[in-house]
Amino acid sequence: MRKSIFFLFLFISASAIGQEIDTNKSIFSNSSEYRNYQEVYLSNIGHAKFHLTSPFQLNNQDFNSLFPTKSNTGTYTDVFYVLGSGRENYVDVEHHQQLGENFFGEAKILKTNSEGIYVNQQAQLSDFRVKLNYNPADRKYNFGANFTNYKRFNILNGGTADSSFFALLDSNNGNLKSTFPTNFNAFPKDVSNFLDMKVMHIDFSHSFKLRNNKNDSTSYFQLSQKLSYDRTIKKIGLRNTSDFFQDYFYDSITTNDSLKLEQLSHRFSLDYVTDNVILSAGIGQNYYEYASRAPFETHLENLLFAQFSFNKNGLLLNSYGEFMISENGYESFEFKNNARYYNPSRTIFQRFEANANIFTDLPELYLNRFQSNHFQWNTINKRNSITQFNISATNEIKHYGASILFENQSDAVVFDSNSTPIQTNISMLGFSLHKEFWFTKWLYLTTHVHVQDIISGKAIEVPNFLTYNKLHFRGKLIKKVLTFDAGINVLYYTNFTPRNYNAAIDEFYIQTNQEVGNHPIIDLFAEFYIKKNFSFFTTMTHVNSNVLTSVFGKNYLAISNYPIQDRAFKFGFKWRLFD
């Protein structure tokens with residue numbers, strides 16, 4: 001859905017391409033905090049993650065969210081490198097080039113290598129992307145093109161990599177989606193444990209303005225179209241071996257499988273554009289072909305969608321509606337709304353944001369019908385009604401803010417104690433506060449507090465209290481040329497009963513035997529910035545690993561049977577090179 005909405009916003013974002021780079025903002029501020037404090041990781045880069053502030057299935061988040069990057073315009077090159085205790089290397093090079101007055105290009109290559117925390121966990125990743133954008137203000141025609149080629153190879157230690165890596169664009173509410181587990185079959189024991197995955201994405205978007213010249217009118221109609229092709233090929237092999245998760249966990253699953261998924265998508269819309277309003281309506285189709293050990297599957301979705309955007313005087317409103325019919329008669333809808341308001345002259349809060357969404361969703365195909373040597377189910381087919389609401393307010397001058405979140409799912413999918421999918425109602429309410437305290441000229445405390453609770457018919461829990469705090473020194477040195485930020489991060493959350501992790505299907509399932517939490521996780525860090533275009537950091541993560549094990553348990557548990565990543569040293573830098 002995010003990509004389909006991107007199609008509607010393409011001409012909005014393209015209109016901002018001519019802006020200058022904002023050199024007043026750091027290119028690397030707080031980048032050492034790439035570990036989201038709301039998530040715990042079961043190994044190194046890209047393996048399964050358990051979210052501390054959500055009861056829903058969120059083990060499908062993009063790898064690149066670990067290292068977020070902000071794209072600016074103009075001609076420059078960003079080089080980002082991280083080395084972690086000899087266990088992980090991360091190289092990310094991104095180039096932005098102004099190819100003409102209204103023609104811009106981007107190229108990105110990312111390479112990683114990680115030996116992992118446990119045995120047999122080595123992972124290698126490469127991600128290559130090219131993007132072109134042409135959007136002249138005084139011409140009728142504009143276009144954008146994207147190409148992505150992603151490869152990953154893992155030596156598996158009882159678990160697959162983040163399954164979002166083979167999740168493709170979909171309508172977000174169809175009864176066939178793009179994430180599938182493997183069918184488990186025995187294979188020769190001399191074959192290594194591995195995951196070999198290749199993903200390719202190509203899309204082309206263009207629009208044609210139905211007017212002669214920009215000066216003729218402040219409003220005009222526009223025809224927009226997007227075509228995309230996605231292909232995923234995945235091979236996975238896993239054999240029984242006694243050294244899996246040595247001293248922690250033993251996985252007896254044996255499997256070998258391959259998967260191929262292809263998708264073609266087409267979107268066409270008529271857009272009405274003014275200085276402050278964009279109104280769009282259109283049609284779309286998604287066609288899927290899925291081949292594995294199961295019979296060959298095809299699927300077709302048809303949909304109608306509409307978009308409304310308003311942007312004036314610091315107020316931005318976006319509304320998106322969609323009605324979808326699949327080839328087997330399933331009907332679904334969604335209505336999603338976002339509002340943002342910014343007024344720097346206000347005293348208490350300058351920035352507000354709110355989201356209100358209501359939509360329906362059918363479970364993914366494999367949840368509805370799946371059979372293997374080890375698992376079989378065919379009962380998950382109820383349509384899920386989802387309501388989401390959140391609002392946040394921030395004071396950017398005094399550095400404090402608050403937010404509230406509510407979500408209800410009538411038939412959310414969870415995996416029971418037998419690792420079989422079931423559906424149940426889940427309601428969640430959460431409150432968050434954050435504040436930066438300034439003690440002296442150089443000493444600061446940044447604190448986040450999150451309180452939450454869940455109502456559900458099943459034994460699903462999240463910690464009721466979570467806090468993330470950063471006590472740090474910040475200032476300038478060497479004639480105010482070198483900016484630094486150094487200190488200590490502390491994460492703490494209360495006891496709760498998490499779900500277990502089933503590595504064979506890359507899912508978390510309900511358990512009631514073991515609690516985790518009620519212990520601190522401490523990181524030390526130091527960041528340095530030079531003239532806004534070069535910065536570097538050092539950090540020691542989980543420095544209290546294996547400390548007071550008689551109280552907290554060996555290495556502390558992230559979830560049952562899986563310890564939190566142990567102590568690790570990391571060094572990294574980011575350098576922006578201008579043309």
# chains A, B, ... in the order shown; residues from 1 in each chain; ligands from 1
>>> closest_atom_pairs(of="segment 508-535 of chain A", to="segment 445-461 of chain A", cutoff="10 Å", atoms="only C-alpha atoms", output="tab-separated table")
residue	atom	partner	partner_atom	distance
A:Tyr509	CA	A:Ile460	CA	9.4
A:Ile510	CA	A:Ala459	CA	6.7
A:Gln511	CA	A:Ala459	CA	7.6
A:Thr512	CA	A:Ala459	CA	7.2
>>> residues_around(residues="Gly282 of chain A", least_positions_apart="5", cutoff="9 Å", atoms="only C-alpha atoms", output="ChimeraX atom specification")
/A:224,267-271,303-307
>>> write_last_selection(atoms="N, CA and C atoms", output="PDB file, in the first residue's frame")
ATOM      1  N   SER A 224      -2.045  10.223 -14.695  1.00  0.00           N
ATOM      2  CA  SER A 224      -0.889   9.561 -14.107  1.00  0.00           C
ATOM      3  C   SER A 224      -1.010   8.053 -14.273  1.00  0.00           C
ATOM      4  N   ARG A 267      -1.422   0.933 -12.314  1.00  0.00           N
ATOM      5  CA  ARG A 267      -2.282   1.958 -11.721  1.00  0.00           C
ATOM      6  C   ARG A 267      -2.463   3.097 -12.715  1.00  0.00           C
ATOM      7  N   PHE A 268      -3.693   3.597 -12.785  1.00  0.00           N
ATOM      8  CA  PHE A 268      -3.990   4.723 -13.677  1.00  0.00           C
ATOM      9  C   PHE A 268      -4.952   5.658 -12.957  1.00  0.00           C
ATOM     10  N   SER A 269      -4.648   6.967 -12.971  1.00  0.00           N
ATOM     11  CA  SER A 269      -5.504   7.909 -12.250  1.00  0.00           C
ATOM     12  C   SER A 269      -5.605   9.231 -12.997  1.00  0.00           C
ATOM     13  N   LEU A 270      -6.666   9.945 -12.682  1.00  0.00           N
ATOM     14  CA  LEU A 270      -6.862  11.325 -13.132  1.00  0.00           C
ATOM     15  C   LEU A 270      -6.695  12.212 -11.908  1.00  0.00           C
ATOM     16  N   ASP A 271      -5.781  13.182 -11.997  1.00  0.00           N
ATOM     17  CA  ASP A 271      -5.463  14.043 -10.872  1.00  0.00           C
ATOM     18  C   ASP A 271      -5.880  15.477 -11.178  1.00  0.00           C
ATOM     19  N   LEU A 303      -9.091  -2.944  -8.364  1.00  0.00           N
ATOM     20  CA  LEU A 303      -9.393  -1.986  -7.309  1.00  0.00           C
ATOM     21  C   LEU A 303      -9.669  -0.595  -7.863  1.00  0.00           C
ATOM     22  N   LEU A 304     -10.466   0.139  -7.092  1.00  0.00           N
ATOM     23  CA  LEU A 304     -10.726   1.561  -7.308  1.00  0.00           C
ATOM     24  C   LEU A 304     -10.131   2.326  -6.139  1.00  0.00           C
ATOM     25  N   PHE A 305      -9.506   3.487  -6.414  1.00  0.00           N
ATOM     26  CA  PHE A 305      -8.928   4.246  -5.318  1.00  0.00           C
ATOM     27  C   PHE A 305      -9.108   5.741  -5.564  1.00  0.00           C
ATOM     28  N   ALA A 306      -9.026   6.508  -4.495  1.00  0.00           N
ATOM     29  CA  ALA A 306      -9.127   7.963  -4.563  1.00  0.00           C
ATOM     30  C   ALA A 306      -8.222   8.558  -3.494  1.00  0.00           C
ATOM     31  N   GLN A 307      -7.708   9.743  -3.784  1.00  0.00           N
ATOM     32  CA  GLN A 307      -6.760  10.408  -2.888  1.00  0.00           C
ATOM     33  C   GLN A 307      -7.103  11.890  -2.818  1.00  0.00           C
TER      34      GLN A 307
END
>>> atom_distance(atom1="atom CA of Phe536 of chain A", atom2="atom CA of Tyr444 of chain A")
20.3 Å
>>> atom_distance(atom1="atom CA of Pro498 of chain A", atom2="atom CA of Ala412 of chain A")
17.0 Å
>>> atom_distance(atom1="atom CA of Asn469 of chain A", atom2="atom CA of Leu491 of chain A")
6.6 Å
>>> residues_around(residues="Ile422 of chain A", least_positions_apart="6", cutoff="7 Å", atoms="only C-alpha atoms", output="PyMOL selection string")
chain A and resi 380+413-416
>>> select_by_dssp(residues="segment 403-567 of chain A", states="helix (DSSP H, G or I)", output="list in words")
Thr549, Ser550, Val551 and Phe552 of chain A
>>> write_last_selection(atoms="all heavy atoms", output="CSV table (one decimal), in the first residue's frame")
chain,number,residue,atom,x,y,z
A,549,THR,N,24.5,-12.2,36.5
A,549,THR,CA,23.7,-13.3,35.9
A,549,THR,C,22.9,-14.1,36.9
A,549,THR,O,21.9,-14.7,36.6
A,549,THR,CB,24.7,-14.2,35.1
A,549,THR,OG1,25.7,-14.7,36.0
A,549,THR,CG2,25.3,-13.5,34.0
A,550,SER,N,23.4,-14.1,38.2
A,550,SER,CA,22.6,-14.8,39.2
A,550,SER,C,21.3,-14.1,39.5
A,550,SER,O,20.3,-14.7,39.9
A,550,SER,CB,23.4,-14.8,40.5
A,550,SER,OG,23.7,-13.5,41.0
A,551,VAL,N,21.2,-12.8,39.1
A,551,VAL,CA,19.9,-12.1,39.3
A,551,VAL,C,19.1,-12.0,38.0
A,551,VAL,O,17.9,-12.3,38.0
A,551,VAL,CB,20.2,-10.6,39.7
A,551,VAL,CG1,18.9,-9.8,39.9
A,551,VAL,CG2,21.0,-10.6,41.0
A,552,PHE,N,19.8,-11.8,36.9
A,552,PHE,CA,19.0,-11.6,35.6
A,552,PHE,C,19.1,-12.7,34.7
A,552,PHE,O,18.4,-12.7,33.7
A,552,PHE,CB,19.6,-10.3,34.9
A,552,PHE,CG,19.4,-9.1,35.7
A,552,PHE,CD1,20.5,-8.3,36.1
A,552,PHE,CD2,18.2,-8.6,36.1
A,552,PHE,CE1,20.4,-7.1,36.8
A,552,PHE,CE2,18.1,-7.5,36.9
A,552,PHE,CZ,19.2,-6.7,37.2
>>> residues_around(residues="Phe508 of chain A", least_positions_apart="3", cutoff="7 Å", atoms="only C-alpha atoms", output="list in words")
Phe415, Arg499, Asn500, Tyr501 and Asn502 of chain A
>>> closest_residue(among="A:Asp275, A:Ala568, A:His519, A:Ser319", to="Glu88 of chain A", atoms="only C-alpha atoms")
A:Ala568
>>> closest_residue(among="A:Gln98, A:Gln263, A:Asn395, A:Thr467", to="Asn133 of chain A", atoms="only C-alpha atoms")
A:Gln98
>>> residues_around(residues="Phe473 of chain A", least_positions_apart="3", cutoff="7 Å", atoms="only C-alpha atoms", output="number ranges by chain")
A: 442-444, 485-487
>>> residues_around(residues="segment 208-212 of chain A", least_positions_apart="3", cutoff="6 Å", atoms="only C-alpha atoms", output="PyMOL selection string")
chain A and resi 140-141+221-223
>>> write_last_selection(atoms="all heavy atoms", output="PDB file, in the first residue's frame")
ATOM      1  N   LYS A 140       4.599  19.617 -19.906  1.00  0.00           N
ATOM      2  CA  LYS A 140       3.437  18.792 -19.645  1.00  0.00           C
ATOM      3  C   LYS A 140       3.796  17.424 -19.078  1.00  0.00           C
ATOM      4  O   LYS A 140       3.046  16.848 -18.301  1.00  0.00           O
ATOM      5  CB  LYS A 140       2.635  18.599 -20.937  1.00  0.00           C
ATOM      6  CG  LYS A 140       1.909  19.834 -21.426  1.00  0.00           C
ATOM      7  CD  LYS A 140       1.048  19.485 -22.641  1.00  0.00           C
ATOM      8  CE  LYS A 140       0.231  20.678 -23.110  1.00  0.00           C
ATOM      9  NZ  LYS A 140      -0.635  20.322 -24.250  1.00  0.00           N
ATOM     10  N   TYR A 141       4.952  16.903 -19.473  1.00  0.00           N
ATOM     11  CA  TYR A 141       5.268  15.512 -19.192  1.00  0.00           C
ATOM     12  C   TYR A 141       6.349  15.389 -18.124  1.00  0.00           C
ATOM     13  O   TYR A 141       7.309  16.170 -18.121  1.00  0.00           O
ATOM     14  CB  TYR A 141       5.739  14.821 -20.478  1.00  0.00           C
ATOM     15  CG  TYR A 141       6.022  13.346 -20.323  1.00  0.00           C
ATOM     16  CD1 TYR A 141       4.982  12.431 -20.224  1.00  0.00           C
ATOM     17  CD2 TYR A 141       7.328  12.871 -20.279  1.00  0.00           C
ATOM     18  CE1 TYR A 141       5.227  11.078 -20.078  1.00  0.00           C
ATOM     19  CE2 TYR A 141       7.589  11.518 -20.131  1.00  0.00           C
ATOM     20  CZ  TYR A 141       6.534  10.621 -20.040  1.00  0.00           C
ATOM     21  OH  TYR A 141       6.794   9.290 -19.894  1.00  0.00           O
ATOM     22  N   PHE A 221      -5.619  19.590 -14.771  1.00  0.00           N
ATOM     23  CA  PHE A 221      -5.821  18.157 -14.655  1.00  0.00           C
ATOM     24  C   PHE A 221      -4.567  17.431 -15.153  1.00  0.00           C
ATOM     25  O   PHE A 221      -3.821  17.941 -15.985  1.00  0.00           O
ATOM     26  CB  PHE A 221      -7.046  17.713 -15.467  1.00  0.00           C
ATOM     27  CG  PHE A 221      -8.351  18.064 -14.828  1.00  0.00           C
ATOM     28  CD1 PHE A 221      -9.003  19.244 -15.157  1.00  0.00           C
ATOM     29  CD2 PHE A 221      -8.928  17.214 -13.888  1.00  0.00           C
ATOM     30  CE1 PHE A 221     -10.205  19.575 -14.564  1.00  0.00           C
ATOM     31  CE2 PHE A 221     -10.127  17.538 -13.287  1.00  0.00           C
ATOM     32  CZ  PHE A 221     -10.770  18.721 -13.624  1.00  0.00           C
ATOM     33  N   GLN A 222      -4.377  16.222 -14.637  1.00  0.00           N
ATOM     34  CA  GLN A 222      -3.182  15.462 -14.963  1.00  0.00           C
ATOM     35  C   GLN A 222      -3.543  13.990 -15.030  1.00  0.00           C
ATOM     36  O   GLN A 222      -4.279  13.477 -14.180  1.00  0.00           O
ATOM     37  CB  GLN A 222      -2.124  15.702 -13.889  1.00  0.00           C
ATOM     38  CG  GLN A 222      -0.870  14.882 -14.023  1.00  0.00           C
ATOM     39  CD  GLN A 222       0.143  15.250 -12.943  1.00  0.00           C
ATOM     40  OE1 GLN A 222       0.995  16.100 -13.143  1.00  0.00           O
ATOM     41  NE2 GLN A 222       0.035  14.611 -11.793  1.00  0.00           N
ATOM     42  N   LEU A 223      -3.025  13.277 -16.023  1.00  0.00           N
ATOM     43  CA  LEU A 223      -3.171  11.838 -16.130  1.00  0.00           C
ATOM     44  C   LEU A 223      -1.894  11.185 -15.615  1.00  0.00           C
ATOM     45  O   LEU A 223      -0.795  11.546 -16.041  1.00  0.00           O
ATOM     46  CB  LEU A 223      -3.433  11.422 -17.575  1.00  0.00           C
ATOM     47  CG  LEU A 223      -4.739  11.918 -18.201  1.00  0.00           C
ATOM     48  CD1 LEU A 223      -4.795  11.516 -19.669  1.00  0.00           C
ATOM     49  CD2 LEU A 223      -5.946  11.351 -17.457  1.00  0.00           C
TER      50      LEU A 223
END
>>> select_by_dssp(residues="segment 273-477 of chain A", states="strand (DSSP E or B)", output="MDAnalysis selection string")
chainID A and resid 273 277:291 297:312 315:326 331:342 351:361 370:371 376:377 384:395 400:415 421:438 443:456 465:477
>>> write_last_selection(atoms="C-alpha atoms", output="compact mmCIF listing (two decimals), in the first residue's frame")
# COMPACT_ATOMS: atom_id res chain seq x y z
CA VAL A 273 -3.94 19.80 -9.08
CA VAL A 277 -5.09 20.78 -3.28
CA ILE A 278 -4.56 17.51 -5.12
CA LEU A 279 -7.54 15.28 -5.87
CA SER A 280 -7.02 11.93 -7.58
CA ALA A 281 -9.19 8.99 -8.60
CA GLY A 282 -8.16 5.89 -10.44
CA ILE A 283 -8.20 2.16 -11.08
CA GLY A 284 -5.59 -0.54 -10.58
CA GLN A 285 -4.80 -4.22 -11.00
CA ASN A 286 -2.41 -6.65 -9.31
CA TYR A 287 -1.54 -9.98 -10.92
CA TYR A 288 0.42 -12.66 -9.02
CA GLU A 289 2.07 -15.93 -9.94
CA TYR A 290 3.35 -18.09 -7.09
CA ALA A 291 5.26 -21.34 -7.54
CA GLU A 297 -1.05 -20.36 -7.98
CA THR A 298 -2.29 -17.31 -9.86
CA HIS A 299 -4.34 -14.45 -8.52
CA LEU A 300 -5.89 -11.20 -9.85
CA GLU A 301 -7.07 -8.15 -7.93
CA ASN A 302 -9.06 -5.17 -9.27
CA LEU A 303 -9.39 -1.99 -7.31
CA LEU A 304 -10.73 1.56 -7.31
CA PHE A 305 -8.93 4.25 -5.32
CA ALA A 306 -9.13 7.96 -4.56
CA GLN A 307 -6.76 10.41 -2.89
CA PHE A 308 -7.22 13.89 -1.42
CA SER A 309 -4.35 16.14 -0.29
CA PHE A 310 -4.37 19.65 1.14
CA ASN A 311 -1.29 21.69 2.06
CA LYS A 312 -1.49 25.31 3.21
CA LEU A 315 -1.53 22.25 7.61
CA LEU A 316 -1.14 19.03 5.59
CA LEU A 317 -4.11 16.69 5.15
CA ASN A 318 -4.07 13.36 3.30
CA SER A 319 -6.96 10.96 2.79
CA TYR A 320 -6.84 7.71 0.84
CA GLY A 321 -9.73 5.39 0.04
CA GLU A 322 -9.76 2.06 -1.79
CA PHE A 323 -12.28 -0.59 -2.73
CA MET A 324 -10.91 -3.91 -3.97
CA ILE A 325 -12.49 -6.99 -5.56
CA SER A 326 -10.49 -10.14 -6.12
CA GLU A 331 -14.43 -7.49 -1.33
CA SER A 332 -12.49 -5.18 0.95
CA PHE A 333 -12.12 -1.48 1.64
CA GLU A 334 -9.85 0.93 3.42
CA PHE A 335 -10.05 4.55 4.48
CA LYS A 336 -6.84 6.09 5.80
CA ASN A 337 -6.32 9.66 6.96
CA ASN A 338 -3.31 11.65 8.11
CA ALA A 339 -3.14 15.23 9.36
CA ARG A 340 -0.05 17.28 10.23
CA TYR A 341 0.13 20.83 11.49
CA TYR A 342 3.18 22.96 12.19
CA ARG A 351 3.96 20.29 15.74
CA PHE A 352 0.89 18.03 15.72
CA GLU A 353 0.21 14.81 13.85
CA ALA A 354 -2.80 12.48 13.82
CA ASN A 355 -3.79 9.31 11.97
CA ALA A 356 -7.22 7.69 11.75
CA ASN A 357 -7.62 4.50 9.73
CA ILE A 358 -10.33 1.91 9.26
CA PHE A 359 -9.96 -0.99 6.84
CA THR A 360 -10.53 -4.70 6.30
CA ASP A 361 -7.99 -7.42 5.66
CA PHE A 370 -0.76 -24.63 4.29
CA GLN A 371 0.61 -28.18 4.48
CA GLN A 376 -0.76 -28.19 8.49
CA TRP A 377 -3.64 -25.74 8.79
CA ASN A 384 -10.15 -8.84 9.91
CA SER A 385 -11.60 -5.39 10.67
CA ILE A 386 -8.92 -2.97 11.83
CA THR A 387 -9.28 0.41 13.51
CA GLN A 388 -6.23 2.58 14.21
CA PHE A 389 -5.96 5.99 15.85
CA ASN A 390 -2.98 7.94 17.11
CA ILE A 391 -2.14 11.55 17.83
CA SER A 392 1.13 13.21 18.84
CA ALA A 393 2.21 16.72 19.85
CA THR A 394 5.78 18.01 20.00
CA ASN A 395 7.53 21.11 21.28
CA TYR A 400 9.30 17.49 24.76
CA GLY A 401 6.27 15.69 23.37
CA ALA A 402 3.44 13.26 24.00
CA SER A 403 1.46 10.73 22.00
CA ILE A 404 -1.46 8.33 22.37
CA LEU A 405 -2.11 5.19 20.34
CA PHE A 406 -5.16 2.96 20.03
CA GLU A 407 -5.59 -0.06 17.77
CA ASN A 408 -8.22 -2.76 17.58
CA GLN A 409 -8.26 -5.83 15.35
CA SER A 410 -11.37 -8.01 15.36
CA ASP A 411 -9.67 -11.14 13.97
CA ALA A 412 -5.93 -10.63 14.25
CA VAL A 413 -3.80 -13.64 13.34
CA VAL A 414 -1.52 -15.05 16.04
CA PHE A 415 0.20 -18.42 16.39
CA PRO A 421 -2.35 -19.78 13.32
CA ILE A 422 -5.56 -18.72 15.02
CA GLN A 423 -7.62 -15.54 14.98
CA THR A 424 -8.57 -13.47 18.00
CA ASN A 425 -9.58 -9.95 19.00
CA ILE A 426 -6.75 -7.69 20.19
CA SER A 427 -7.16 -4.15 21.52
CA MET A 428 -4.22 -2.03 22.55
CA LEU A 429 -3.90 1.38 24.20
CA GLY A 430 -0.57 3.13 24.71
CA PHE A 431 0.74 6.48 25.97
CA SER A 432 4.21 7.92 25.33
CA LEU A 433 6.08 10.90 26.75
CA HIS A 434 9.53 12.23 25.89
CA LYS A 435 11.51 15.15 27.24
CA GLU A 436 15.03 16.52 27.02
CA PHE A 437 16.35 18.01 30.28
CA TRP A 438 19.23 20.49 30.24
CA LEU A 443 24.95 17.92 30.30
CA TYR A 444 21.59 16.62 29.03
CA LEU A 445 19.12 13.86 29.82
CA THR A 446 16.77 12.63 27.10
CA THR A 447 14.06 10.32 28.39
CA HIS A 448 11.25 8.34 26.75
CA VAL A 449 8.47 6.70 28.77
CA HIS A 450 5.89 4.35 27.31
CA VAL A 451 2.88 2.89 29.18
CA GLN A 452 0.62 0.36 27.48
CA ASP A 453 -1.91 -2.40 28.00
CA ILE A 454 -3.65 -5.07 25.94
CA ILE A 455 -7.08 -6.69 26.04
CA SER A 456 -7.27 -10.02 24.24
CA PHE A 465 6.08 -0.02 31.20
CA LEU A 466 9.09 0.75 29.01
CA THR A 467 11.62 3.56 29.35
CA TYR A 468 14.60 4.57 27.25
CA ASN A 469 16.99 7.17 28.64
CA LYS A 470 20.10 8.89 27.35
CA LEU A 471 22.39 10.79 29.72
CA HIS A 472 24.85 12.62 27.50
CA PHE A 473 27.29 15.48 27.09
CA ARG A 474 26.82 17.68 24.03
CA GLY A 475 28.78 20.69 22.85
CA LYS A 476 31.51 22.08 20.57
CA LEU A 477 35.28 21.78 20.68
>>> residues_around(residues="Asn518 of chain A", least_positions_apart="5", cutoff="8 Å", atoms="only C-alpha atoms", output="JSON, numbers by chain")
{"A": [492, 493, 494, 495]}
>>> decode(residues="segment 223-235 of chain A", atoms="N, CA, C and O atoms", output="short mmCIF file (atom, residue, chain, number, x, y, z; two decimals), in the first residue's frame")
data_model
loop_
_atom_site.label_atom_id
_atom_site.label_comp_id
_atom_site.auth_asym_id
_atom_site.auth_seq_id
_atom_site.Cartn_x
_atom_site.Cartn_y
_atom_site.Cartn_z
N LEU A 223 -3.03 13.28 -16.02
CA LEU A 223 -3.17 11.84 -16.13
C LEU A 223 -1.89 11.18 -15.62
O LEU A 223 -0.80 11.55 -16.04
N SER A 224 -2.04 10.22 -14.70
CA SER A 224 -0.89 9.56 -14.11
C SER A 224 -1.01 8.05 -14.27
O SER A 224 -2.11 7.49 -14.24
N GLN A 225 0.15 7.41 -14.43
CA GLN A 225 0.17 5.97 -14.63
C GLN A 225 1.42 5.40 -13.97
O GLN A 225 2.49 6.03 -13.97
N LYS A 226 1.29 4.20 -13.42
CA LYS A 226 2.44 3.50 -12.86
C LYS A 226 2.38 2.03 -13.24
O LYS A 226 1.35 1.38 -13.10
N LEU A 227 3.50 1.51 -13.72
CA LEU A 227 3.67 0.11 -14.05
C LEU A 227 4.80 -0.44 -13.19
O LEU A 227 5.84 0.21 -13.04
N SER A 228 4.64 -1.64 -12.65
CA SER A 228 5.70 -2.22 -11.83
C SER A 228 5.76 -3.73 -12.01
O SER A 228 4.75 -4.38 -12.30
N TYR A 229 6.97 -4.24 -11.83
CA TYR A 229 7.21 -5.68 -11.91
C TYR A 229 8.08 -6.08 -10.73
O TYR A 229 9.08 -5.41 -10.43
N ASP A 230 7.70 -7.15 -10.04
CA ASP A 230 8.45 -7.66 -8.91
C ASP A 230 8.68 -9.15 -9.08
O ASP A 230 7.78 -9.88 -9.53
N ARG A 231 9.88 -9.58 -8.69
CA ARG A 231 10.19 -11.01 -8.73
C ARG A 231 11.00 -11.40 -7.50
O ARG A 231 11.97 -10.71 -7.14
N THR A 232 10.60 -12.46 -6.85
CA THR A 232 11.33 -12.99 -5.70
C THR A 232 11.64 -14.46 -5.94
O THR A 232 10.76 -15.23 -6.30
N ILE A 233 12.89 -14.82 -5.73
CA ILE A 233 13.31 -16.22 -5.78
C ILE A 233 14.00 -16.54 -4.46
O ILE A 233 14.93 -15.84 -4.07
N LYS A 234 13.53 -17.57 -3.78
CA LYS A 234 14.09 -17.91 -2.47
C LYS A 234 14.33 -19.41 -2.41
O LYS A 234 13.49 -20.21 -2.82
N LYS A 235 15.51 -19.78 -1.91
CA LYS A 235 15.83 -21.17 -1.64
C LYS A 235 16.27 -21.26 -0.18
O LYS A 235 17.03 -20.42 0.29
#
